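Here's final_38.cif, which has mmCIF, N, CA and C atoms:
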```cif
data_upload
#
loop_
_atom_site.label_atom_id
_atom_site.label_comp_id
_atom_site.auth_asym_id
_atom_site.auth_seq_id
_atom_site.Cartn_x
_atom_site.Cartn_y
_atom_site.Cartn_z
N MET A 1 131.33 110.58 101.28
CA MET A 1 131.64 109.69 102.38
C MET A 1 132.28 108.42 101.82
N VAL A 2 133.33 107.99 102.44
CA VAL A 2 134.03 106.79 102.00
C VAL A 2 133.44 105.58 102.71
N PHE A 3 133.10 104.56 101.92
CA PHE A 3 132.63 103.30 102.48
C PHE A 3 133.76 102.29 102.41
N LYS A 4 134.01 101.57 103.49
CA LYS A 4 134.96 100.46 103.48
C LYS A 4 134.16 99.20 103.21
N ILE A 5 134.59 98.46 102.19
CA ILE A 5 133.86 97.28 101.76
C ILE A 5 134.67 96.04 102.07
N ASN A 6 134.08 95.06 102.73
CA ASN A 6 134.70 93.76 102.97
C ASN A 6 133.92 92.73 102.16
N VAL A 7 134.62 92.08 101.22
CA VAL A 7 133.99 91.06 100.38
C VAL A 7 134.61 89.72 100.76
N SER A 8 133.81 88.79 101.27
CA SER A 8 134.35 87.50 101.71
C SER A 8 133.88 86.38 100.79
N HIS A 9 134.78 85.40 100.62
CA HIS A 9 134.48 84.24 99.79
C HIS A 9 135.42 83.12 100.19
N ASN A 10 134.88 82.00 100.62
CA ASN A 10 135.67 80.82 101.01
C ASN A 10 136.75 81.14 102.02
N GLY A 11 136.43 81.92 103.03
CA GLY A 11 137.37 82.19 104.10
C GLY A 11 138.37 83.29 103.82
N LYS A 12 138.34 83.90 102.64
CA LYS A 12 139.24 85.01 102.32
C LYS A 12 138.42 86.28 102.20
N THR A 13 139.05 87.41 102.52
CA THR A 13 138.35 88.69 102.47
C THR A 13 139.13 89.68 101.62
N PHE A 14 138.44 90.27 100.65
CA PHE A 14 138.99 91.32 99.81
C PHE A 14 138.46 92.64 100.34
N LYS A 15 139.37 93.59 100.58
CA LYS A 15 138.96 94.88 101.12
C LYS A 15 139.06 95.94 100.04
N ALA A 16 138.04 96.78 99.96
CA ALA A 16 138.01 97.86 98.98
C ALA A 16 137.39 99.09 99.62
N GLU A 17 137.60 100.23 98.99
CA GLU A 17 136.97 101.47 99.43
C GLU A 17 136.30 102.13 98.24
N THR A 18 135.18 102.78 98.50
CA THR A 18 134.47 103.48 97.44
C THR A 18 133.80 104.72 98.01
N GLU A 19 133.62 105.72 97.15
CA GLU A 19 132.90 106.93 97.54
C GLU A 19 131.57 107.02 96.80
N ASN A 20 131.05 105.89 96.35
CA ASN A 20 129.81 105.84 95.59
C ASN A 20 128.62 106.17 96.49
N GLU A 21 128.04 107.37 96.31
CA GLU A 21 126.89 107.78 97.11
C GLU A 21 125.63 107.02 96.73
N GLY A 22 125.65 106.31 95.59
CA GLY A 22 124.49 105.54 95.15
C GLY A 22 124.22 104.32 96.02
N LEU A 23 125.15 103.99 96.90
CA LEU A 23 124.94 102.84 97.80
C LEU A 23 123.94 103.15 98.90
N ALA A 24 123.75 104.43 99.20
CA ALA A 24 122.77 104.80 100.22
C ALA A 24 121.39 104.36 99.75
N GLY A 25 120.67 103.72 100.62
CA GLY A 25 119.34 103.21 100.27
C GLY A 25 119.31 101.70 100.17
N TYR A 26 120.46 101.07 99.89
CA TYR A 26 120.49 99.61 99.91
C TYR A 26 120.38 99.15 101.36
N SER A 27 119.96 97.90 101.55
CA SER A 27 119.77 97.36 102.90
C SER A 27 120.51 96.04 103.06
N ILE A 28 120.60 95.60 104.30
CA ILE A 28 121.16 94.29 104.60
C ILE A 28 120.27 93.24 103.92
N ASN A 29 120.86 92.21 103.36
CA ASN A 29 120.22 91.12 102.62
C ASN A 29 119.80 91.51 101.21
N ASP A 30 120.26 92.66 100.71
CA ASP A 30 120.04 93.04 99.31
C ASP A 30 121.17 92.47 98.46
N LYS A 31 120.83 92.08 97.23
CA LYS A 31 121.84 91.64 96.27
C LYS A 31 122.28 92.86 95.47
N ILE A 32 123.59 92.95 95.20
CA ILE A 32 124.13 94.12 94.53
C ILE A 32 125.22 93.70 93.56
N ASP A 33 125.38 94.44 92.49
CA ASP A 33 126.41 94.15 91.50
C ASP A 33 127.77 94.61 92.04
N GLY A 34 128.81 93.81 91.85
CA GLY A 34 130.13 94.10 92.40
C GLY A 34 130.79 95.33 91.83
N LYS A 35 130.47 95.71 90.59
CA LYS A 35 131.15 96.87 90.00
C LYS A 35 130.73 98.18 90.65
N GLU A 36 129.67 98.18 91.44
CA GLU A 36 129.29 99.38 92.19
C GLU A 36 130.29 99.65 93.32
N PHE A 37 130.98 98.61 93.77
CA PHE A 37 131.98 98.76 94.82
C PHE A 37 133.36 99.03 94.25
N SER A 38 133.75 98.25 93.24
CA SER A 38 135.10 98.34 92.69
C SER A 38 135.10 97.79 91.27
N PRO A 39 135.90 98.38 90.37
CA PRO A 39 135.97 97.84 89.00
C PRO A 39 136.56 96.43 88.96
N ASP A 40 137.34 96.06 89.98
CA ASP A 40 137.91 94.71 90.06
C ASP A 40 136.82 93.65 90.24
N LEU A 41 135.67 94.04 90.79
CA LEU A 41 134.60 93.09 91.10
C LEU A 41 133.53 93.04 90.01
N GLU A 42 133.88 93.42 88.80
CA GLU A 42 132.91 93.40 87.71
C GLU A 42 132.46 91.97 87.42
N GLY A 43 131.17 91.76 87.31
CA GLY A 43 130.61 90.44 87.07
C GLY A 43 130.26 89.69 88.34
N TYR A 44 130.66 90.18 89.48
CA TYR A 44 130.35 89.53 90.76
C TYR A 44 128.96 89.95 91.21
N GLU A 45 128.24 89.01 91.83
CA GLU A 45 126.99 89.33 92.50
C GLU A 45 127.24 89.15 93.99
N LEU A 46 126.96 90.19 94.77
CA LEU A 46 127.27 90.19 96.19
C LEU A 46 126.00 90.34 97.02
N LEU A 47 126.04 89.78 98.21
CA LEU A 47 124.95 89.89 99.18
C LEU A 47 125.45 90.72 100.35
N ILE A 48 124.74 91.78 100.69
CA ILE A 48 125.13 92.61 101.83
C ILE A 48 124.72 91.86 103.10
N THR A 49 125.71 91.52 103.93
CA THR A 49 125.44 90.72 105.13
C THR A 49 125.44 91.55 106.41
N GLY A 50 126.02 92.75 106.37
CA GLY A 50 126.04 93.56 107.58
C GLY A 50 126.67 94.92 107.34
N THR A 51 126.45 95.81 108.31
CA THR A 51 127.01 97.16 108.23
C THR A 51 127.49 97.57 109.61
N SER A 52 128.25 98.65 109.62
CA SER A 52 128.71 99.23 110.87
C SER A 52 128.85 100.73 110.65
N ASP A 53 128.54 101.52 111.68
CA ASP A 53 128.66 102.96 111.50
C ASP A 53 129.95 103.48 112.11
N LYS A 54 130.13 104.81 112.10
CA LYS A 54 131.39 105.40 112.55
C LYS A 54 131.64 105.20 114.04
N SER A 55 130.60 104.94 114.83
CA SER A 55 130.76 104.68 116.26
C SER A 55 130.89 103.21 116.58
N GLY A 56 130.76 102.35 115.56
CA GLY A 56 130.89 100.91 115.78
C GLY A 56 129.57 100.20 116.01
N PHE A 57 128.45 100.91 115.93
CA PHE A 57 127.16 100.26 116.10
C PHE A 57 126.84 99.44 114.86
N MET A 58 126.45 98.20 115.07
CA MET A 58 126.16 97.31 113.95
C MET A 58 124.75 97.51 113.42
N GLY A 59 124.56 97.15 112.15
CA GLY A 59 123.24 97.19 111.56
C GLY A 59 122.52 95.88 111.81
N ARG A 60 121.24 95.95 112.12
CA ARG A 60 120.43 94.75 112.34
C ARG A 60 119.41 94.63 111.22
N ALA A 61 119.28 93.43 110.67
CA ALA A 61 118.39 93.20 109.54
C ALA A 61 116.91 93.32 109.92
N GLU A 62 116.57 93.22 111.20
CA GLU A 62 115.18 93.27 111.63
C GLU A 62 114.64 94.69 111.76
N ILE A 63 115.52 95.70 111.75
CA ILE A 63 115.11 97.08 112.01
C ILE A 63 115.11 97.87 110.71
N ASP A 64 113.97 98.44 110.38
CA ASP A 64 113.86 99.24 109.16
C ASP A 64 114.49 100.61 109.37
N GLY A 65 115.00 101.18 108.27
CA GLY A 65 115.54 102.54 108.29
C GLY A 65 116.99 102.57 108.71
N PRO A 66 117.60 103.77 108.66
CA PRO A 66 119.02 103.91 108.99
C PRO A 66 119.29 104.42 110.41
N ASN A 67 118.27 104.60 111.23
CA ASN A 67 118.42 105.26 112.52
C ASN A 67 118.90 104.33 113.63
N LEU A 68 119.33 104.95 114.75
CA LEU A 68 119.76 104.20 115.93
C LEU A 68 118.54 103.79 116.75
N HIS A 69 118.62 102.59 117.34
CA HIS A 69 117.56 102.08 118.20
C HIS A 69 118.20 101.38 119.38
N LYS A 70 117.53 101.42 120.53
CA LYS A 70 117.99 100.67 121.70
C LYS A 70 117.11 99.44 121.83
N LEU A 71 117.74 98.26 121.75
CA LEU A 71 117.00 97.01 121.81
C LEU A 71 117.42 96.22 123.03
N LEU A 72 116.49 95.43 123.53
CA LEU A 72 116.79 94.50 124.60
C LEU A 72 117.19 93.19 123.95
N LEU A 73 118.48 92.87 123.99
CA LEU A 73 119.01 91.72 123.28
C LEU A 73 119.40 90.61 124.23
N SER A 74 119.09 89.40 123.81
CA SER A 74 119.64 88.25 124.50
C SER A 74 120.89 87.84 123.74
N TYR A 75 121.51 86.77 124.12
CA TYR A 75 122.76 86.34 123.52
C TYR A 75 122.58 86.10 122.02
N GLY A 76 123.43 86.67 121.19
CA GLY A 76 123.35 86.49 119.74
C GLY A 76 124.05 87.62 119.02
N PRO A 77 123.66 87.88 117.77
CA PRO A 77 124.30 88.96 117.02
C PRO A 77 124.17 90.30 117.72
N GLY A 78 125.29 90.98 117.90
CA GLY A 78 125.27 92.28 118.57
C GLY A 78 125.53 92.19 120.05
N MET A 79 125.53 90.98 120.60
CA MET A 79 125.80 90.84 122.03
C MET A 79 126.54 89.53 122.30
N HIS A 80 127.79 89.67 122.63
CA HIS A 80 128.61 88.52 123.02
C HIS A 80 129.25 88.85 124.34
N MET A 81 129.12 87.97 125.27
CA MET A 81 129.68 88.20 126.60
C MET A 81 130.58 87.04 126.96
N LYS A 82 131.69 87.34 127.60
CA LYS A 82 132.49 86.25 128.13
C LYS A 82 132.45 86.33 129.66
N PRO A 83 132.27 85.20 130.29
CA PRO A 83 132.19 85.19 131.75
C PRO A 83 133.47 85.74 132.37
N LYS A 84 133.33 86.31 133.55
CA LYS A 84 134.45 86.91 134.25
C LYS A 84 135.56 85.89 134.49
N GLY A 85 136.78 86.27 134.18
CA GLY A 85 137.93 85.40 134.42
C GLY A 85 138.19 84.39 133.33
N GLU A 86 137.35 84.30 132.32
CA GLU A 86 137.56 83.35 131.23
C GLU A 86 138.00 84.10 129.98
N THR A 87 138.80 83.41 129.16
CA THR A 87 139.30 84.05 127.94
C THR A 87 138.45 83.72 126.73
N LYS A 88 137.66 82.68 126.78
CA LYS A 88 136.83 82.28 125.64
C LYS A 88 135.35 82.34 126.00
N ILE A 89 134.56 82.54 124.97
CA ILE A 89 133.11 82.46 125.14
C ILE A 89 132.75 80.99 124.95
N ASN A 90 132.41 80.31 126.02
CA ASN A 90 132.16 78.87 125.90
C ASN A 90 130.73 78.46 126.22
N ARG A 91 129.93 79.38 126.72
CA ARG A 91 128.55 79.02 127.01
C ARG A 91 127.68 80.26 126.95
N LYS A 92 126.42 80.04 126.74
CA LYS A 92 125.46 81.13 126.66
C LYS A 92 124.96 81.43 128.06
N PRO A 93 125.11 82.69 128.51
CA PRO A 93 124.61 83.02 129.85
C PRO A 93 123.09 82.87 129.91
N LYS A 94 122.60 82.15 130.90
CA LYS A 94 121.17 81.85 131.00
C LYS A 94 120.40 83.06 131.51
N GLY A 95 119.39 83.47 130.71
CA GLY A 95 118.50 84.54 131.12
C GLY A 95 119.07 85.94 131.03
N LEU A 96 120.26 86.10 130.50
CA LEU A 96 120.88 87.42 130.43
C LEU A 96 120.36 88.20 129.23
N ARG A 97 119.88 89.40 129.49
CA ARG A 97 119.46 90.30 128.41
C ARG A 97 119.97 91.69 128.75
N LEU A 98 120.50 92.38 127.74
CA LEU A 98 121.02 93.72 127.94
C LEU A 98 120.46 94.66 126.88
N ARG A 99 120.31 95.93 127.23
CA ARG A 99 119.86 96.91 126.27
C ARG A 99 121.08 97.42 125.52
N LYS A 100 121.07 97.24 124.20
CA LYS A 100 122.19 97.63 123.34
C LYS A 100 121.70 98.58 122.26
N THR A 101 122.57 99.47 121.83
CA THR A 101 122.25 100.38 120.74
C THR A 101 122.69 99.75 119.43
N VAL A 102 121.79 99.72 118.47
CA VAL A 102 122.09 99.17 117.15
C VAL A 102 121.51 100.13 116.10
N ARG A 103 121.96 99.97 114.87
CA ARG A 103 121.49 100.81 113.77
C ARG A 103 120.58 99.98 112.89
N GLY A 104 119.70 100.63 112.14
CA GLY A 104 118.80 99.96 111.22
C GLY A 104 119.55 99.35 110.04
N LYS A 105 118.81 98.61 109.20
CA LYS A 105 119.44 97.84 108.12
C LYS A 105 119.80 98.65 106.89
N GLU A 106 119.32 99.86 106.77
CA GLU A 106 119.52 100.66 105.56
C GLU A 106 120.88 101.37 105.59
N ILE A 107 121.58 101.37 104.46
CA ILE A 107 122.86 102.06 104.34
C ILE A 107 122.59 103.56 104.20
N SER A 108 123.32 104.36 104.97
CA SER A 108 123.13 105.80 104.98
C SER A 108 124.50 106.48 105.01
N PRO A 109 124.55 107.81 104.99
CA PRO A 109 125.85 108.49 105.10
C PRO A 109 126.58 108.23 106.41
N PHE A 110 125.86 107.74 107.43
CA PHE A 110 126.49 107.40 108.71
C PHE A 110 127.24 106.07 108.64
N THR A 111 126.92 105.24 107.67
CA THR A 111 127.55 103.93 107.53
C THR A 111 129.00 104.09 107.09
N VAL A 112 129.89 103.33 107.70
CA VAL A 112 131.30 103.39 107.35
C VAL A 112 131.74 102.08 106.69
N GLN A 113 131.28 100.96 107.22
CA GLN A 113 131.73 99.65 106.75
C GLN A 113 130.55 98.84 106.25
N ILE A 114 130.76 98.16 105.12
CA ILE A 114 129.74 97.29 104.55
C ILE A 114 130.35 95.91 104.36
N ASN A 115 129.75 94.90 104.95
CA ASN A 115 130.23 93.53 104.82
C ASN A 115 129.39 92.80 103.78
N THR A 116 130.05 92.10 102.87
CA THR A 116 129.35 91.37 101.82
C THR A 116 129.95 89.99 101.65
N LYS A 117 129.19 89.12 100.98
CA LYS A 117 129.73 87.82 100.60
C LYS A 117 129.39 87.58 99.13
N VAL A 118 130.22 86.77 98.48
CA VAL A 118 130.09 86.52 97.05
C VAL A 118 129.00 85.47 96.82
N LEU A 119 128.05 85.80 95.95
CA LEU A 119 127.04 84.83 95.53
C LEU A 119 127.46 84.17 94.21
N THR A 120 127.85 85.00 93.23
CA THR A 120 128.37 84.46 91.96
C THR A 120 129.66 85.18 91.62
N GLU A 121 130.62 84.40 91.17
CA GLU A 121 131.94 84.92 90.85
C GLU A 121 131.96 85.47 89.43
N GLY A 122 132.74 86.52 89.19
CA GLY A 122 132.84 87.16 87.89
C GLY A 122 133.90 86.52 87.02
N LYS A 123 134.29 87.24 85.96
CA LYS A 123 135.31 86.75 85.03
C LYS A 123 136.64 86.57 85.73
N LYS A 124 136.99 87.53 86.57
CA LYS A 124 138.25 87.49 87.30
C LYS A 124 138.06 86.61 88.54
N LYS A 125 138.92 85.63 88.72
CA LYS A 125 138.82 84.74 89.88
C LYS A 125 139.08 85.51 91.17
N PHE A 126 138.45 85.09 92.26
CA PHE A 126 138.56 85.80 93.54
C PHE A 126 139.99 85.82 94.04
N ASP A 127 140.72 84.72 93.89
CA ASP A 127 142.10 84.66 94.37
C ASP A 127 143.00 85.64 93.62
N SER A 128 142.70 85.95 92.36
CA SER A 128 143.54 86.87 91.59
C SER A 128 143.36 88.32 92.03
N LEU A 129 142.34 88.62 92.81
CA LEU A 129 142.14 89.99 93.31
C LEU A 129 143.22 90.39 94.30
N PHE A 130 143.85 89.41 94.96
CA PHE A 130 144.83 89.69 95.99
C PHE A 130 146.24 89.88 95.42
N GLU A 131 146.45 89.50 94.17
CA GLU A 131 147.78 89.61 93.57
C GLU A 131 148.09 91.07 93.28
N ALA A 132 149.35 91.45 93.54
CA ALA A 132 149.79 92.82 93.24
C ALA A 132 149.87 92.98 91.73
N PRO A 133 149.50 94.14 91.21
CA PRO A 133 149.58 94.33 89.76
C PRO A 133 151.04 94.30 89.28
N THR A 134 151.27 93.69 88.12
CA THR A 134 152.61 93.60 87.56
C THR A 134 153.03 94.94 86.99
N GLU A 135 154.31 95.08 86.70
CA GLU A 135 154.82 96.33 86.15
C GLU A 135 154.20 96.61 84.78
N GLU A 136 153.97 95.55 84.00
CA GLU A 136 153.36 95.72 82.67
C GLU A 136 151.95 96.29 82.80
N ALA A 137 151.18 95.81 83.76
CA ALA A 137 149.83 96.31 83.96
C ALA A 137 149.84 97.78 84.41
N LYS A 138 150.82 98.14 85.24
CA LYS A 138 150.92 99.53 85.68
C LYS A 138 151.23 100.45 84.51
N GLU A 139 152.12 99.99 83.60
CA GLU A 139 152.47 100.80 82.43
C GLU A 139 151.27 100.97 81.50
N GLU A 140 150.46 99.91 81.35
CA GLU A 140 149.27 99.99 80.50
C GLU A 140 148.26 101.00 81.06
N GLU A 141 148.12 101.04 82.38
CA GLU A 141 147.20 101.98 83.00
C GLU A 141 147.66 103.42 82.79
N LYS A 142 148.98 103.65 82.82
CA LYS A 142 149.51 105.00 82.61
C LYS A 142 149.26 105.45 81.17
N LYS A 143 149.36 104.53 80.21
CA LYS A 143 149.15 104.86 78.80
C LYS A 143 147.70 105.27 78.54
N GLU A 144 146.76 104.64 79.24
CA GLU A 144 145.34 104.93 79.04
C GLU A 144 145.01 106.20 79.72
#
```

Translate this file's structure into structure tokens.
Amino acid sequence: MVFKINVSHNGKTFKAETENEGLAGYSINDKIDGKEFSPDLEGYELLITGTSDKSGFMGRAEIDGPNLHKLLLSYGPGMHMKPKGETKINRKPKGLRLRKTVRGKEISPFTVQINTKVLTEGKKKFDSLFEAPTEEAKEEEKKE
């Protein structure tokens, strides 16, 4: 199963993909080494901040396990409503609660997307991850 990884730091997001099955079992709010996601992130320490499954259901840190649950949610994570006829969410609807389906905090084969943030930066600076590899670097990779 391919996991899409979003790594954010200072308003920028680095996107990576991995097929590492060893990620199953980690949970939201766990600290993880960056090289498990991508060799570019070696030396980085990352915090898992959220997940999403193939149907778009978000992971909630309060729910144990990887299964789906129906929760009665008030305004907050997992439930954002905009009033009819308005384009922006500008106020919290008073007393509104809806039953929403969410997934547990544990990463499983159903998980598609993992959101993380950088706790400690590695040898390679975060901004240099976005630069396209030079022709010299491509030639060196072919030689190896």

Open item on the list: I need the output of the PyMOL selection byres (((chain A and resi 6 and name CA) around 8) and name CA) for this file as a ChimeraX atom specification; which residues are they?
Closed with: /A:4-5,7-8,13-16,113-116

Task: Ref. answer, residues at most 7 Å from (122.3, 98.3, 111.7) with only C-alpha atoms, as a PyMOL selection string - done: chain A and resi 51-52+57-61+102-105

Open item on the list: I need the output of the PyMOL selection byres ((chain A and resi 23-40) around 6) for this file as an MDAnalysis selection string; which residues are they?
Closed with: chainID A and resid 17:18 20:22 41:50 61 105:109

Task: Expansion of the PyMOL selection byres (((chain A and resi 54 and name CA) around 8) and name CA) into residues, as a PyMOL selection string - done: chain A and resi 52-53+55-57+110-112

According to DSSP computed on the backbone, where in chain A is there helix (DSSP H, G or I)? Give the residues as a PDB file with N, CA and C atoms, in the frame of the given file.
```
ATOM      1  N   GLU A  21     128.040 107.370  96.310  1.00  0.00           N
ATOM      2  CA  GLU A  21     126.890 107.780  97.110  1.00  0.00           C
ATOM      3  C   GLU A  21     125.630 107.020  96.730  1.00  0.00           C
ATOM      4  N   GLY A  22     125.650 106.310  95.590  1.00  0.00           N
ATOM      5  CA  GLY A  22     124.490 105.540  95.150  1.00  0.00           C
ATOM      6  C   GLY A  22     124.220 104.320  96.020  1.00  0.00           C
ATOM      7  N   LEU A  23     125.150 103.990  96.900  1.00  0.00           N
ATOM      8  CA  LEU A  23     124.940 102.840  97.800  1.00  0.00           C
ATOM      9  C   LEU A  23     123.940 103.150  98.900  1.00  0.00           C
ATOM     10  N   GLY A  34     128.810  93.810  91.850  1.00  0.00           N
ATOM     11  CA  GLY A  34     130.130  94.100  92.400  1.00  0.00           C
ATOM     12  C   GLY A  34     130.790  95.330  91.830  1.00  0.00           C
ATOM     13  N   LYS A  35     130.470  95.710  90.590  1.00  0.00           N
ATOM     14  CA  LYS A  35     131.150  96.870  90.000  1.00  0.00           C
ATOM     15  C   LYS A  35     130.730  98.180  90.650  1.00  0.00           C
ATOM     16  N   GLU A  36     129.670  98.180  91.440  1.00  0.00           N
ATOM     17  CA  GLU A  36     129.290  99.380  92.190  1.00  0.00           C
ATOM     18  C   GLU A  36     130.290  99.650  93.320  1.00  0.00           C
ATOM     19  N   PRO A  39     135.900  98.380  90.370  1.00  0.00           N
ATOM     20  CA  PRO A  39     135.970  97.840  89.000  1.00  0.00           C
ATOM     21  C   PRO A  39     136.560  96.430  88.960  1.00  0.00           C
ATOM     22  N   ASP A  40     137.340  96.060  89.980  1.00  0.00           N
ATOM     23  CA  ASP A  40     137.910  94.710  90.060  1.00  0.00           C
ATOM     24  C   ASP A  40     136.820  93.650  90.240  1.00  0.00           C
ATOM     25  N   LEU A  41     135.670  94.040  90.790  1.00  0.00           N
ATOM     26  CA  LEU A  41     134.600  93.090  91.100  1.00  0.00           C
ATOM     27  C   LEU A  41     133.530  93.040  90.010  1.00  0.00           C
ATOM     28  N   PHE A 126     138.450  85.090  92.260  1.00  0.00           N
ATOM     29  CA  PHE A 126     138.560  85.800  93.540  1.00  0.00           C
ATOM     30  C   PHE A 126     139.990  85.820  94.040  1.00  0.00           C
ATOM     31  N   ASP A 127     140.720  84.720  93.890  1.00  0.00           N
ATOM     32  CA  ASP A 127     142.100  84.660  94.370  1.00  0.00           C
ATOM     33  C   ASP A 127     143.000  85.640  93.620  1.00  0.00           C
ATOM     34  N   SER A 128     142.700  85.950  92.360  1.00  0.00           N
ATOM     35  CA  SER A 128     143.540  86.870  91.590  1.00  0.00           C
ATOM     36  C   SER A 128     143.360  88.320  92.030  1.00  0.00           C
ATOM     37  N   LEU A 129     142.340  88.620  92.810  1.00  0.00           N
ATOM     38  CA  LEU A 129     142.140  89.990  93.310  1.00  0.00           C
ATOM     39  C   LEU A 129     143.220  90.390  94.300  1.00  0.00           C
ATOM     40  N   PHE A 130     143.850  89.410  94.960  1.00  0.00           N
ATOM     41  CA  PHE A 130     144.830  89.690  95.990  1.00  0.00           C
ATOM     42  C   PHE A 130     146.240  89.880  95.420  1.00  0.00           C
ATOM     43  N   GLU A 135     154.310  95.080  86.700  1.00  0.00           N
ATOM     44  CA  GLU A 135     154.820  96.330  86.150  1.00  0.00           C
ATOM     45  C   GLU A 135     154.200  96.610  84.780  1.00  0.00           C
ATOM     46  N   GLU A 136     153.970  95.550  84.000  1.00  0.00           N
ATOM     47  CA  GLU A 136     153.360  95.720  82.670  1.00  0.00           C
ATOM     48  C   GLU A 136     151.950  96.290  82.800  1.00  0.00           C
ATOM     49  N   ALA A 137     151.180  95.810  83.760  1.00  0.00           N
ATOM     50  CA  ALA A 137     149.830  96.310  83.960  1.00  0.00           C
ATOM     51  C   ALA A 137     149.840  97.780  84.410  1.00  0.00           C
ATOM     52  N   LYS A 138     150.820  98.140  85.240  1.00  0.00           N
ATOM     53  CA  LYS A 138     150.920  99.530  85.680  1.00  0.00           C
ATOM     54  C   LYS A 138     151.230 100.450  84.510  1.00  0.00           C
ATOM     55  N   GLU A 139     152.120  99.990  83.600  1.00  0.00           N
ATOM     56  CA  GLU A 139     152.470 100.800  82.430  1.00  0.00           C
ATOM     57  C   GLU A 139     151.270 100.970  81.500  1.00  0.00           C
ATOM     58  N   GLU A 140     150.460  99.910  81.350  1.00  0.00           N
ATOM     59  CA  GLU A 140     149.270  99.990  80.500  1.00  0.00           C
ATOM     60  C   GLU A 140     148.260 101.000  81.060  1.00  0.00           C
ATOM     61  N   GLU A 141     148.120 101.040  82.380  1.00  0.00           N
ATOM     62  CA  GLU A 141     147.200 101.980  83.000  1.00  0.00           C
ATOM     63  C   GLU A 141     147.660 103.420  82.790  1.00  0.00           C
ATOM     64  N   LYS A 142     148.980 103.650  82.820  1.00  0.00           N
ATOM     65  CA  LYS A 142     149.510 105.000  82.610  1.00  0.00           C
ATOM     66  C   LYS A 142     149.260 105.450  81.170  1.00  0.00           C
ATOM     67  N   LYS A 143     149.360 104.530  80.210  1.00  0.00           N
ATOM     68  CA  LYS A 143     149.150 104.860  78.800  1.00  0.00           C
ATOM     69  C   LYS A 143     147.700 105.270  78.540  1.00  0.00           C
TER      70      LYS A 143
END
```

Open item on the list: Report, in Å with one decimal, the straight-line distance from atom CA of Lys100 of chain A to atom CA of Gly65 of chain A.
Closed with: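 About the pair atom CA of Lys100 of chain A and atom CA of Gly65 of chain A: they are 17.2 Å apart.
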
TODO: Using atom CA of Leu71 of chain A and atom C of Arg97 of chain A as the two end points, give the distance in Å to one decimal.
DONE: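 Here the two named atoms are 9.2 Å from each other.
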
TODO: Quick one: pull the distance between atom N of Gly122 of chain A and atom N of Asn10 of chain A, Å, one decimal.
DONE: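 Separation between atom N of Gly122 of chain A and atom N of Asn10 of chain A: 12.5 Å.
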
TODO: Run DSSP on the backbone and grab whatever in segment 37-122 of chain A lands in strand (DSSP E); send it over as JSON, numbers by chain.
DONE: {"A": [45, 46, 47, 48, 49, 50, 51, 52, 53, 68, 69, 70, 71, 72, 73, 98, 99, 100, 101, 102, 103, 111, 112, 113, 114, 115, 116, 117, 118, 119, 120]}
